[in-house]
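Raw start.tsv, TSV, C-alpha atoms:
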chain	number	residue	atom	x	y	z
P	103	MET	CA	-18.68	-2.86	42.13
P	104	ASN	CA	-15.90	-2.74	39.54
P	105	LEU	CA	-16.35	-3.79	35.91
P	106	ALA	CA	-13.51	-4.96	33.66
P	107	ILE	CA	-13.90	-5.98	30.02
P	108	SER	CA	-10.93	-7.16	27.99
P	109	ASN	CA	-10.61	-8.01	24.28
P	110	LEU	CA	-14.31	-8.78	24.01
P	111	HIS	CA	-15.46	-10.22	20.70
P	112	TYR	CA	-19.02	-11.22	19.78
P	113	GLN	CA	-20.09	-12.82	16.54
P	114	LEU	CA	-23.63	-13.78	15.53
P	115	GLY	CA	-23.48	-16.21	12.64
P	116	LYS	CA	-21.02	-14.71	10.18
P	117	LYS	CA	-21.62	-11.15	11.39
P	118	THR	CA	-19.23	-9.56	13.88
P	119	LEU	CA	-21.13	-7.27	16.25
P	120	LEU	CA	-18.36	-6.48	18.75
P	121	GLN	CA	-14.60	-6.61	18.29
P	122	ASP	CA	-11.71	-5.99	20.67
P	123	VAL	CA	-13.84	-4.15	23.24
P	124	SER	CA	-11.94	-3.26	26.41
P	125	LEU	CA	-13.06	-0.92	29.18
P	126	THR	CA	-13.15	-0.54	32.93
P	127	MET	CA	-15.50	1.04	35.46
P	128	LYS	CA	-14.83	1.85	39.08
P	129	LYS	CA	-17.23	1.42	41.96
P	130	GLY	CA	-19.65	4.35	42.16
P	131	GLU	CA	-19.04	5.63	38.63
P	132	ARG	CA	-21.97	6.74	36.48
P	133	VAL	CA	-20.99	6.16	32.87
P	134	ALA	CA	-22.87	7.00	29.66
P	135	LEU	CA	-22.45	4.66	26.69
P	136	ILE	CA	-22.94	6.51	23.39
P	137	GLY	CA	-22.69	5.79	19.69
P	138	PRO	CA	-24.79	5.65	16.50
P	139	ASN	CA	-27.58	3.11	16.09
P	140	GLY	CA	-26.23	-0.34	15.34
P	141	CYS	CA	-22.80	0.32	16.85
P	142	GLY	CA	-23.18	-2.47	19.43
P	143	LYS	CA	-24.34	-0.67	22.59
P	144	SER	CA	-27.28	-2.97	23.33
P	145	THR	CA	-25.25	-6.04	22.41
P	146	LEU	CA	-22.53	-5.03	24.85
P	147	LEU	CA	-25.03	-4.43	27.66
P	148	ARG	CA	-26.65	-7.83	27.12
P	149	LEU	CA	-23.25	-9.51	27.31
P	150	ILE	CA	-22.45	-7.68	30.55
P	151	CYS	CA	-25.76	-8.87	31.99
P	152	GLY	CA	-25.04	-12.46	30.99
P	153	LEU	CA	-27.94	-12.65	28.54
P	154	ASN	CA	-25.58	-13.62	25.71
P	155	LYS	CA	-22.18	-15.31	25.75
P	156	ALA	CA	-19.12	-13.64	24.25
P	157	THR	CA	-17.30	-15.36	21.40
P	158	SER	CA	-14.00	-14.52	23.08
P	159	GLY	CA	-12.56	-12.18	25.71
P	160	TYR	CA	-13.96	-11.72	29.19
P	161	ILE	CA	-16.27	-9.61	31.34
P	162	ALA	CA	-15.60	-9.52	35.09
P	163	LEU	CA	-17.52	-8.03	38.00
P	164	ASP	CA	-15.21	-7.60	40.99
P	165	ASN	CA	-12.69	-9.97	39.35
P	166	ILE	CA	-15.23	-12.76	38.77
P	167	THR	CA	-16.20	-13.41	35.15
P	168	VAL	CA	-19.90	-13.02	34.42
P	169	GLN	CA	-20.14	-16.54	33.02
P	170	HIS	CA	-18.92	-17.98	36.34
P	171	TYR	CA	-21.73	-16.34	38.31
P	172	PRO	CA	-24.76	-18.58	38.94
P	173	ARG	CA	-27.85	-16.85	37.54
P	174	ARG	CA	-29.26	-16.06	40.98
P	175	ALA	CA	-25.93	-14.70	42.23
P	176	LEU	CA	-25.53	-12.50	39.15
P	177	ALA	CA	-29.04	-11.10	39.66
P	178	GLN	CA	-28.00	-10.15	43.20
P	179	GLN	CA	-25.08	-8.15	41.81
P	180	LEU	CA	-26.48	-6.58	38.65
P	181	SER	CA	-29.89	-5.33	37.51
P	182	PHE	CA	-30.90	-4.43	33.96
P	183	VAL	CA	-33.40	-1.77	32.85
P	184	GLN	CA	-34.26	-2.44	29.22
P	185	GLN	CA	-35.61	0.02	26.66
P	186	LYS	CA	-39.08	-1.52	26.63
P	187	ALA	CA	-39.38	-4.46	28.99
P	188	THR	CA	-42.61	-6.43	28.77
P	189	THR	CA	-44.88	-6.67	31.80
P	190	GLU	CA	-48.26	-8.38	32.13
P	191	GLU	CA	-50.98	-5.77	31.62
P	192	LEU	CA	-53.08	-6.88	34.61
P	193	VAL	CA	-50.18	-6.72	37.03
P	194	LYS	CA	-50.41	-3.89	39.55
P	195	ALA	CA	-47.60	-1.34	39.79
P	196	GLU	CA	-46.51	-2.57	43.22
P	197	ASP	CA	-46.39	-6.19	42.06
P	198	ALA	CA	-44.27	-5.25	39.02
P	199	VAL	CA	-41.72	-3.62	41.33
P	200	ALA	CA	-41.86	-6.56	43.74
P	201	LEU	CA	-40.48	-8.80	40.97
P	202	GLY	CA	-37.14	-7.14	41.68
P	203	ARG	CA	-36.97	-9.08	44.95
P	204	THR	CA	-37.07	-12.46	43.17
P	205	PRO	CA	-33.28	-13.11	43.33
P	206	TRP	CA	-33.35	-12.60	47.10
P	207	ILE	CA	-36.30	-14.87	47.93
P	208	LYS	CA	-35.21	-18.35	49.01
P	209	ALA	CA	-37.18	-21.49	48.25
P	210	PHE	CA	-40.35	-21.73	50.39
P	211	GLU	CA	-39.61	-18.33	51.94
P	212	ARG	CA	-42.57	-16.12	52.68
P	213	TRP	CA	-42.79	-12.49	51.66
P	214	SER	CA	-41.18	-10.55	54.50
P	215	ILE	CA	-41.24	-7.08	55.98
P	216	ASP	CA	-37.71	-6.59	54.59
P	217	HIS	CA	-38.81	-7.42	51.03
P	218	GLN	CA	-41.80	-5.10	51.36
P	219	SER	CA	-39.63	-2.27	52.69
P	220	HIS	CA	-37.39	-2.52	49.59
P	221	VAL	CA	-40.48	-2.25	47.36
P	222	ASP	CA	-41.93	0.65	49.35
P	223	HIS	CA	-38.64	2.54	49.27
P	224	ALA	CA	-38.24	1.97	45.51
P	225	LEU	CA	-41.76	3.23	44.79
P	226	GLU	CA	-41.10	6.29	46.92
P	227	LYS	CA	-37.77	6.91	45.19
P	228	VAL	CA	-39.44	7.15	41.77
P	229	SER	CA	-42.48	9.06	43.13
P	230	MET	CA	-44.92	6.27	42.28
P	231	SER	CA	-46.21	5.27	45.74
P	232	HIS	CA	-49.60	6.80	44.95
P	233	LYS	CA	-49.89	4.56	41.85
P	234	ARG	CA	-49.03	1.29	43.62
P	235	ASP	CA	-52.50	-0.25	43.15
P	236	GLN	CA	-52.93	0.87	39.55
P	237	HIS	CA	-52.77	-1.74	36.78
P	238	TRP	CA	-49.84	-1.66	34.38
P	239	HIS	CA	-51.86	-1.01	31.21
P	240	THR	CA	-53.43	2.14	32.71
P	241	LEU	CA	-50.05	3.82	33.24
P	242	SER	CA	-48.27	6.16	30.84
P	243	GLY	CA	-45.01	5.19	29.16
P	244	GLY	CA	-43.07	7.45	31.50
P	245	GLU	CA	-44.73	5.94	34.57
P	246	GLN	CA	-44.00	2.43	33.35
P	247	GLN	CA	-40.34	3.30	32.82
P	248	ARG	CA	-40.12	4.75	36.32
P	249	LEU	CA	-41.48	1.45	37.62
P	250	HIS	CA	-38.83	-0.46	35.66
P	251	ILE	CA	-36.23	1.68	37.43
P	252	ALA	CA	-38.02	1.06	40.74
P	253	ARG	CA	-37.84	-2.68	40.07
P	254	ALA	CA	-34.06	-2.37	39.65
P	255	LEU	CA	-33.85	-0.38	42.89
P	256	ALA	CA	-35.91	-3.00	44.73
P	257	GLN	CA	-33.51	-5.62	43.39
P	258	ASP	CA	-30.90	-3.77	45.45
P	259	THR	CA	-27.85	-4.54	43.34
P	260	PRO	CA	-24.57	-2.59	43.53
P	261	PHE	CA	-24.46	-2.28	39.73
P	262	ILE	CA	-27.30	-1.09	37.47
P	263	VAL	CA	-27.24	-1.30	33.67
P	264	MET	CA	-29.76	0.67	31.58
P	265	ASP	CA	-30.38	0.55	27.83
P	266	GLU	CA	-31.60	3.97	26.64
P	267	PRO	CA	-34.10	4.44	29.51
P	268	THR	CA	-35.46	7.71	28.09
P	269	ASN	CA	-36.20	6.24	24.65
P	270	HIS	CA	-39.87	6.64	23.54
P	271	LEU	CA	-40.54	9.20	26.32
P	272	ASP	CA	-41.70	12.80	25.88
P	273	ILE	CA	-39.46	15.66	26.99
P	274	LYS	CA	-41.04	16.04	30.45
P	275	GLN	CA	-40.77	12.32	31.23
P	276	GLN	CA	-37.19	12.26	29.94
P	277	THR	CA	-36.33	14.99	32.44
P	278	VAL	CA	-38.01	13.07	35.27
P	279	VAL	CA	-36.17	9.82	34.44
P	280	LEU	CA	-32.81	11.60	34.08
P	281	SER	CA	-33.26	13.25	37.47
P	282	LEU	CA	-33.97	9.84	38.96
P	283	ILE	CA	-30.80	8.42	37.43
P	284	GLU	CA	-28.72	11.31	38.75
P	285	ASN	CA	-29.91	10.61	42.29
P	286	ILE	CA	-29.22	6.85	42.28
P	287	GLN	CA	-26.09	6.15	44.30
P	288	ARG	CA	-24.91	2.99	42.53
P	289	THR	CA	-22.37	2.03	39.90
P	290	MET	CA	-24.25	2.66	36.65
P	291	LEU	CA	-23.66	2.05	32.95
P	292	VAL	CA	-26.37	3.68	30.83
P	293	ALA	CA	-26.71	3.60	27.05
P	294	VAL	CA	-27.75	7.13	26.11
P	295	HIS	CA	-29.28	8.32	22.84
P	296	ASP	CA	-29.21	12.07	23.47
P	297	LEU	CA	-25.73	13.60	23.74
P	298	ASN	CA	-26.99	16.37	26.00
P	299	HIS	CA	-28.10	13.66	28.42
P	300	ALA	CA	-24.63	12.09	28.23
P	301	LEU	CA	-23.10	15.34	29.47
P	302	ARG	CA	-24.73	14.73	32.86
P	303	PHE	CA	-22.66	11.59	33.57
P	304	ASP	CA	-19.27	11.23	35.26
P	305	ARG	CA	-17.69	9.68	32.21
P	306	ILE	CA	-18.52	8.77	28.61
P	307	ILE	CA	-17.61	5.67	26.61
P	308	ALA	CA	-18.11	6.06	22.86
P	309	MET	CA	-18.65	3.18	20.42
P	310	LYS	CA	-18.62	2.96	16.65
P	311	GLU	CA	-18.90	-0.08	14.37
P	312	GLY	CA	-18.63	-2.54	17.24
P	313	ARG	CA	-15.58	-0.98	18.86
P	314	VAL	CA	-14.89	1.35	21.78
P	315	ILE	CA	-13.24	4.36	20.12
P	316	ALA	CA	-12.96	6.84	23.00
P	317	GLN	CA	-13.42	7.21	26.76
P	318	GLY	CA	-13.23	10.23	29.03
P	319	LYS	CA	-14.99	12.90	31.03
P	320	PRO	CA	-17.72	14.75	29.09
P	321	ALA	CA	-15.91	18.12	29.14
P	322	GLU	CA	-12.71	16.52	27.84
P	323	LEU	CA	-14.26	14.20	25.26
P	324	ILE	CA	-17.20	15.96	23.65
P	325	SER	CA	-16.33	18.45	20.93
P	326	GLU	CA	-17.78	19.42	17.57
P	327	ALA	CA	-15.03	17.46	15.80
P	328	PHE	CA	-15.70	14.40	17.98
P	329	ILE	CA	-19.45	14.48	17.24
P	330	LEU	CA	-18.74	14.74	13.51
P	331	ASP	CA	-16.34	11.79	13.66
P	332	VAL	CA	-18.63	9.51	15.69
P	333	PHE	CA	-22.07	10.45	14.38
P	334	ASP	CA	-21.28	12.12	11.03
P	335	VAL	CA	-23.30	15.14	12.16
P	336	HIS	CA	-22.24	18.79	12.31
P	337	SER	CA	-22.96	20.46	15.64
P	338	ARG	CA	-22.43	23.54	17.76
P	339	ILE	CA	-21.64	23.39	21.47
P	340	ILE	CA	-23.19	26.37	23.23
P	341	HIS	CA	-21.51	27.46	26.47
P	342	SER	CA	-23.18	29.64	29.08
P	343	PRO	CA	-21.95	30.92	32.46
P	344	ASP	CA	-25.33	30.11	34.01
P	345	HIS	CA	-26.11	26.71	32.46
P	346	PRO	CA	-24.32	23.47	31.49
P	347	PRO	CA	-23.04	23.24	27.88
P	348	HIS	CA	-25.70	22.43	25.29
P	349	ILE	CA	-25.15	20.53	22.04
P	350	GLN	CA	-27.08	21.82	19.05
P	351	LEU	CA	-27.18	19.50	16.03
P	352	LEU	CA	-26.99	21.30	12.71
P	353	ASN	CA	-27.87	18.61	10.17
Rewrite the coordinates I just gave you, this time as structure tokens.
Amino acid sequence: MNLAISNLHYQLGKKTLLQDVSLTMKKGERVALIGPNGCGKSTLLRLICGLNKATSGYIALDNITVQHYPRRALAQQLSFVQQKATTEELVKAEDAVALGRTPWIKAFERWSIDHQSHVDHALEKVSMSHKRDQHWHTLSGGEQQRLHIARALAQDTPFIVMDEPTNHLDIKQQTVVLSLIENIQRTMLVAVHDLNHALRFDRIIAMKEGRVIAQGKPAELISEAFILDVFDVHSRIIHSPDHPPHIQLLN
């Protein structure tokens, strides 16, 4: 699924949160969205998902503007993994993932083998099949986030949007979630907090003060001067013949 955004502007009251945002994504691309806190990443993702309406400009999925998609049809094309989505504590893990099938269930339709197979496959994909009967409140933060990703996989959309999916997770769980993301064969736009995580994507889009200021492949875009300009932080990029580049922040 292709994404095209042109001259996007979003204003909340008298405050402008996004201005003149334009970008494109091709089918199958895995793109990291980076930028300092408050730069508009989450706002942009919510607009793409149709949760808010742009003040001006347009967002199109395969040449159809998001606002022209009926809610059910949009949910069949795009799934959204939020930073900290709420889920009823007494819901079992399997049932939380099964919610991803909601856009595909017709009125008065019974739960089918096909729906169940999507849930089973999603649980297996995130290595949570053995936790399927466990209640939500008994799971760790990392396990809950893996289930949120499983819900998106069960939703079976060609485009997945994620808002800082490794936020609030410890280092081990961050690694697990990142490995999951790398193995998902879908078009993906992921807001990323850690620049080292961003290096693992096909392409990076950088935002600052509500604008897109740069786009490109990680090796071409990320430099010490770029990090200083975007984040106002000095850094050192460490290169090794045996490992991917590593960004060390100095202040």
* To do: Compile the contact shell of P:Gly130 as a ChimeraX atom specification: residues with an atom at most 10 Å away, counting only C-alpha atoms, same-chain residues fewer than 3 positions apart removed.
  => /P:103-104,127,133,260-261,286-290,304
* **Selected residue, from P:Leu125, P:Leu201, P:Leu120, P:Ile262, that lies nearest to P:Leu146 when counting only C-alpha atoms** =>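 Between P:Leu125, P:Leu201, P:Leu120, P:Ile262, the residue approaching P:Leu146 most closely is P:Leu120.
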* Asked: Could you work out how far atom CA of P:Val168 lies from atom CA of P:Ala316, giving the answer in Å with one decimal?
  ->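 Distance between the two atoms: 23.9 Å.
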* Distance query P:Arg173 at most 10 Å, only C-alpha atoms, self and fewer than 6 positions along chain excluded, as number ranges by chain -> P: 151-153, 205
* To do: For P:Lys143, please output as a PyMOL selection string all residues within 10 Å (counting all atoms listed in the file; exclusion window: fewer than 3 positions along the same chain).
  => chain P and resi 119-120+135-140+146-148+265-266+292-294+308-314
May I have the selected residues written with C-alpha atoms, as a PDB file, in the frame of the given file?
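And here is the file that came out, selection-v6.pdb:
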ATOM      1  CA  LEU P 119     -21.130  -7.270  16.250  1.00  0.00           C
ATOM      2  CA  LEU P 120     -18.360  -6.480  18.750  1.00  0.00           C
ATOM      3  CA  LEU P 135     -22.450   4.660  26.690  1.00  0.00           C
ATOM      4  CA  ILE P 136     -22.940   6.510  23.390  1.00  0.00           C
ATOM      5  CA  GLY P 137     -22.690   5.790  19.690  1.00  0.00           C
ATOM      6  CA  PRO P 138     -24.790   5.650  16.500  1.00  0.00           C
ATOM      7  CA  ASN P 139     -27.580   3.110  16.090  1.00  0.00           C
ATOM      8  CA  GLY P 140     -26.230  -0.340  15.340  1.00  0.00           C
ATOM      9  CA  LEU P 146     -22.530  -5.030  24.850  1.00  0.00           C
ATOM     10  CA  LEU P 147     -25.030  -4.430  27.660  1.00  0.00           C
ATOM     11  CA  ARG P 148     -26.650  -7.830  27.120  1.00  0.00           C
ATOM     12  CA  ASP P 265     -30.380   0.550  27.830  1.00  0.00           C
ATOM     13  CA  GLU P 266     -31.600   3.970  26.640  1.00  0.00           C
ATOM     14  CA  VAL P 292     -26.370   3.680  30.830  1.00  0.00           C
ATOM     15  CA  ALA P 293     -26.710   3.600  27.050  1.00  0.00           C
ATOM     16  CA  VAL P 294     -27.750   7.130  26.110  1.00  0.00           C
ATOM     17  CA  ALA P 308     -18.110   6.060  22.860  1.00  0.00           C
ATOM     18  CA  MET P 309     -18.650   3.180  20.420  1.00  0.00           C
ATOM     19  CA  LYS P 310     -18.620   2.960  16.650  1.00  0.00           C
ATOM     20  CA  GLU P 311     -18.900  -0.080  14.370  1.00  0.00           C
ATOM     21  CA  GLY P 312     -18.630  -2.540  17.240  1.00  0.00           C
ATOM     22  CA  ARG P 313     -15.580  -0.980  18.860  1.00  0.00           C
ATOM     23  CA  VAL P 314     -14.890   1.350  21.780  1.00  0.00           C
TER      24      VAL P 314
END
* Please identify all polymer residues within 6 Å of stretch 331-338 of chain P, counting all atoms listed in the file, omitting same-chain residues fewer than 5 positions from it, and present them as a list in words. =>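 That gives Pro138, Glu326, Ile349, Gln350, Leu351 and Leu352 of chain P.
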* Nearby residues (only C-alpha atoms) at most 12 Å from P:Thr240, same-chain spacing under 2 positions excluded, as a list in words -> Glu190, Glu191, Leu192, Val193, Lys194, Ala195, Lys233, Arg234, Asp235, Gln236, His237, Trp238, Ser242, Gly243, Gly244, Glu245 and Gln246 of chain P
For the selection just defined, write its residues with C-alpha atoms to a file, as a CSV table (one decimal), in the coordinates of the input.
chain,number,residue,atom,x,y,z
P,190,GLU,CA,-48.3,-8.4,32.1
P,191,GLU,CA,-51.0,-5.8,31.6
P,192,LEU,CA,-53.1,-6.9,34.6
P,193,VAL,CA,-50.2,-6.7,37.0
P,194,LYS,CA,-50.4,-3.9,39.6
P,195,ALA,CA,-47.6,-1.3,39.8
P,233,LYS,CA,-49.9,4.6,41.8
P,234,ARG,CA,-49.0,1.3,43.6
P,235,ASP,CA,-52.5,-0.2,43.2
P,236,GLN,CA,-52.9,0.9,39.6
P,237,HIS,CA,-52.8,-1.7,36.8
P,238,TRP,CA,-49.8,-1.7,34.4
P,242,SER,CA,-48.3,6.2,30.8
P,243,GLY,CA,-45.0,5.2,29.2
P,244,GLY,CA,-43.1,7.4,31.5
P,245,GLU,CA,-44.7,5.9,34.6
P,246,GLN,CA,-44.0,2.4,33.4
* To do: Please indicate the distance in Å from atom CA of P:Gln113 to atom CA of P:Ile307, rounded to one decimal place.
  => 21.2 Å
Go ahead and find all residues with at least one atom no further than 12 Å from (-23.9, 26.1, 25.3) in the file's coordinates, using all atoms listed in the file; report them as a PDB file with C-alpha atoms, in the coordinates of the input.
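Wrote it out as out.pdb, contents follow:
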ATOM      1  CA  ASN P 298     -26.990  16.370  26.000  1.00  0.00           C
ATOM      2  CA  LEU P 301     -23.100  15.340  29.470  1.00  0.00           C
ATOM      3  CA  ALA P 321     -15.910  18.120  29.140  1.00  0.00           C
ATOM      4  CA  SER P 325     -16.330  18.450  20.930  1.00  0.00           C
ATOM      5  CA  GLU P 326     -17.780  19.420  17.570  1.00  0.00           C
ATOM      6  CA  SER P 337     -22.960  20.460  15.640  1.00  0.00           C
ATOM      7  CA  ARG P 338     -22.430  23.540  17.760  1.00  0.00           C
ATOM      8  CA  ILE P 339     -21.640  23.390  21.470  1.00  0.00           C
ATOM      9  CA  ILE P 340     -23.190  26.370  23.230  1.00  0.00           C
ATOM     10  CA  HIS P 341     -21.510  27.460  26.470  1.00  0.00           C
ATOM     11  CA  SER P 342     -23.180  29.640  29.080  1.00  0.00           C
ATOM     12  CA  PRO P 343     -21.950  30.920  32.460  1.00  0.00           C
ATOM     13  CA  ASP P 344     -25.330  30.110  34.010  1.00  0.00           C
ATOM     14  CA  HIS P 345     -26.110  26.710  32.460  1.00  0.00           C
ATOM     15  CA  PRO P 346     -24.320  23.470  31.490  1.00  0.00           C
ATOM     16  CA  PRO P 347     -23.040  23.240  27.880  1.00  0.00           C
ATOM     17  CA  HIS P 348     -25.700  22.430  25.290  1.00  0.00           C
ATOM     18  CA  ILE P 349     -25.150  20.530  22.040  1.00  0.00           C
ATOM     19  CA  GLN P 350     -27.080  21.820  19.050  1.00  0.00           C
ATOM     20  CA  LEU P 351     -27.180  19.500  16.030  1.00  0.00           C
TER      21      LEU P 351
END
* Between P:Ser219, P:Gln121, P:Gln257, P:Gln247, single out the one closest to P:Ile283, counting all atoms listed in the file. =>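 Closest to P:Ile283, using all atoms listed in the file: P:Gln247.
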* **From P:Leu225, P:Gly159, P:Arg212, P:Lys116, residue lying nearest P:Ala200 [all atoms listed in the file]** => P:Leu225
* To do: Between atom CA of P:Ala106 and atom CA of P:Ile161, measure the distance and give it in Å to one decimal.
  => 5.9 Å
* **Using all atoms listed in the file: which of P:Gln185, P:Gln178, P:Thr118, P:Ser229 has the shortest distance to P:Ile207** =>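 The closest residue to P:Ile207 is P:Gln178.
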Give the padded box for stretch 139-142 of chain P as lines of an AutoDock Vina configuration file: axis-aligned, covering all atoms listed in the file, 4 Å on each side, centre and edge lengths in Å to one decimal.
center_x = -25.2
center_y = 0.3
center_z = 17.4
size_x = 12.8
size_y = 13.6
size_z = 12.1
* Asked: Nearest to P:Val199 among P:His232, P:Gln184, P:Ala156, P:Arg248, with distances taken over only C-alpha atoms: which residue is it?
  -> P:Arg248
* Asked: Of the residues P:Thr204, P:Ser108, P:Gln179, P:Thr268, which is the one nearest to P:Tyr160, using only C-alpha atoms?
  ->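 Of the candidates, the smallest distance to P:Tyr160 is held by P:Ser108.
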With the input short on atoms, add N, CA, C and O atoms back to stretch 255-269 of chain P and write it as a PDB file, in the frame of the given file.
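After the write, part36.pdb holds the following:
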ATOM      1  N   LEU P 255     -34.210  -0.849  41.545  1.00  0.00           N
ATOM      2  CA  LEU P 255     -33.850  -0.380  42.890  1.00  0.00           C
ATOM      3  C   LEU P 255     -34.270  -1.387  43.956  1.00  0.00           C
ATOM      4  O   LEU P 255     -33.539  -1.634  44.920  1.00  0.00           O
ATOM      5  N   ALA P 256     -35.449  -1.987  43.784  1.00  0.00           N
ATOM      6  CA  ALA P 256     -35.910  -3.000  44.730  1.00  0.00           C
ATOM      7  C   ALA P 256     -35.016  -4.238  44.688  1.00  0.00           C
ATOM      8  O   ALA P 256     -34.859  -4.935  45.697  1.00  0.00           O
ATOM      9  N   GLN P 257     -34.428  -4.487  43.535  1.00  0.00           N
ATOM     10  CA  GLN P 257     -33.510  -5.620  43.390  1.00  0.00           C
ATOM     11  C   GLN P 257     -32.247  -5.412  44.222  1.00  0.00           C
ATOM     12  O   GLN P 257     -31.560  -6.373  44.570  1.00  0.00           O
ATOM     13  N   ASP P 258     -31.954  -4.140  44.510  1.00  0.00           N
ATOM     14  CA  ASP P 258     -30.900  -3.770  45.450  1.00  0.00           C
ATOM     15  C   ASP P 258     -29.544  -4.341  45.060  1.00  0.00           C
ATOM     16  O   ASP P 258     -28.857  -4.982  45.862  1.00  0.00           O
ATOM     17  N   THR P 259     -29.145  -4.088  43.823  1.00  0.00           N
ATOM     18  CA  THR P 259     -27.850  -4.540  43.340  1.00  0.00           C
ATOM     19  C   THR P 259     -26.856  -3.380  43.370  1.00  0.00           C
ATOM     20  O   THR P 259     -27.237  -2.224  43.220  1.00  0.00           O
ATOM     21  N   PRO P 260     -25.561  -3.668  43.527  1.00  0.00           N
ATOM     22  CA  PRO P 260     -24.570  -2.590  43.530  1.00  0.00           C
ATOM     23  C   PRO P 260     -24.295  -2.016  42.149  1.00  0.00           C
ATOM     24  O   PRO P 260     -23.703  -0.946  42.033  1.00  0.00           O
ATOM     25  N   PHE P 261     -24.740  -2.716  41.092  1.00  0.00           N
ATOM     26  CA  PHE P 261     -24.460  -2.280  39.730  1.00  0.00           C
ATOM     27  C   PHE P 261     -25.773  -2.300  38.944  1.00  0.00           C
ATOM     28  O   PHE P 261     -26.500  -3.290  38.951  1.00  0.00           O
ATOM     29  N   ILE P 262     -26.091  -1.185  38.286  1.00  0.00           N
ATOM     30  CA  ILE P 262     -27.300  -1.090  37.470  1.00  0.00           C
ATOM     31  C   ILE P 262     -26.915  -0.749  36.031  1.00  0.00           C
ATOM     32  O   ILE P 262     -26.142   0.174  35.785  1.00  0.00           O
ATOM     33  N   VAL P 263     -27.461  -1.514  35.093  1.00  0.00           N
ATOM     34  CA  VAL P 263     -27.240  -1.300  33.670  1.00  0.00           C
ATOM     35  C   VAL P 263     -28.568  -0.869  33.049  1.00  0.00           C
ATOM     36  O   VAL P 263     -29.608  -1.476  33.320  1.00  0.00           O
ATOM     37  N   MET P 264     -28.545   0.183  32.233  1.00  0.00           N
ATOM     38  CA  MET P 264     -29.760   0.670  31.580  1.00  0.00           C
ATOM     39  C   MET P 264     -29.517   0.851  30.086  1.00  0.00           C
ATOM     40  O   MET P 264     -28.472   1.363  29.685  1.00  0.00           O
ATOM     41  N   ASP P 265     -30.482   0.435  29.283  1.00  0.00           N
ATOM     42  CA  ASP P 265     -30.380   0.550  27.830  1.00  0.00           C
ATOM     43  C   ASP P 265     -31.349   1.628  27.350  1.00  0.00           C
ATOM     44  O   ASP P 265     -32.548   1.390  27.195  1.00  0.00           O
ATOM     45  N   GLU P 266     -30.827   2.825  27.135  1.00  0.00           N
ATOM     46  CA  GLU P 266     -31.600   3.970  26.640  1.00  0.00           C
ATOM     47  C   GLU P 266     -32.931   4.121  27.394  1.00  0.00           C
ATOM     48  O   GLU P 266     -34.007   4.006  26.807  1.00  0.00           O
ATOM     49  N   PRO P 267     -32.880   4.382  28.695  1.00  0.00           N
ATOM     50  CA  PRO P 267     -34.100   4.440  29.510  1.00  0.00           C
ATOM     51  C   PRO P 267     -35.051   5.575  29.172  1.00  0.00           C
ATOM     52  O   PRO P 267     -36.207   5.550  29.586  1.00  0.00           O
ATOM     53  N   THR P 268     -34.568   6.595  28.444  1.00  0.00           N
ATOM     54  CA  THR P 268     -35.460   7.710  28.090  1.00  0.00           C
ATOM     55  C   THR P 268     -36.026   7.565  26.680  1.00  0.00           C
ATOM     56  O   THR P 268     -36.757   8.441  26.220  1.00  0.00           O
ATOM     57  N   ASN P 269     -35.688   6.457  26.001  1.00  0.00           N
ATOM     58  CA  ASN P 269     -36.200   6.240  24.650  1.00  0.00           C
ATOM     59  C   ASN P 269     -37.726   6.126  24.686  1.00  0.00           C
ATOM     60  O   ASN P 269     -38.295   5.554  25.606  1.00  0.00           O
TER      61      ASN P 269
END
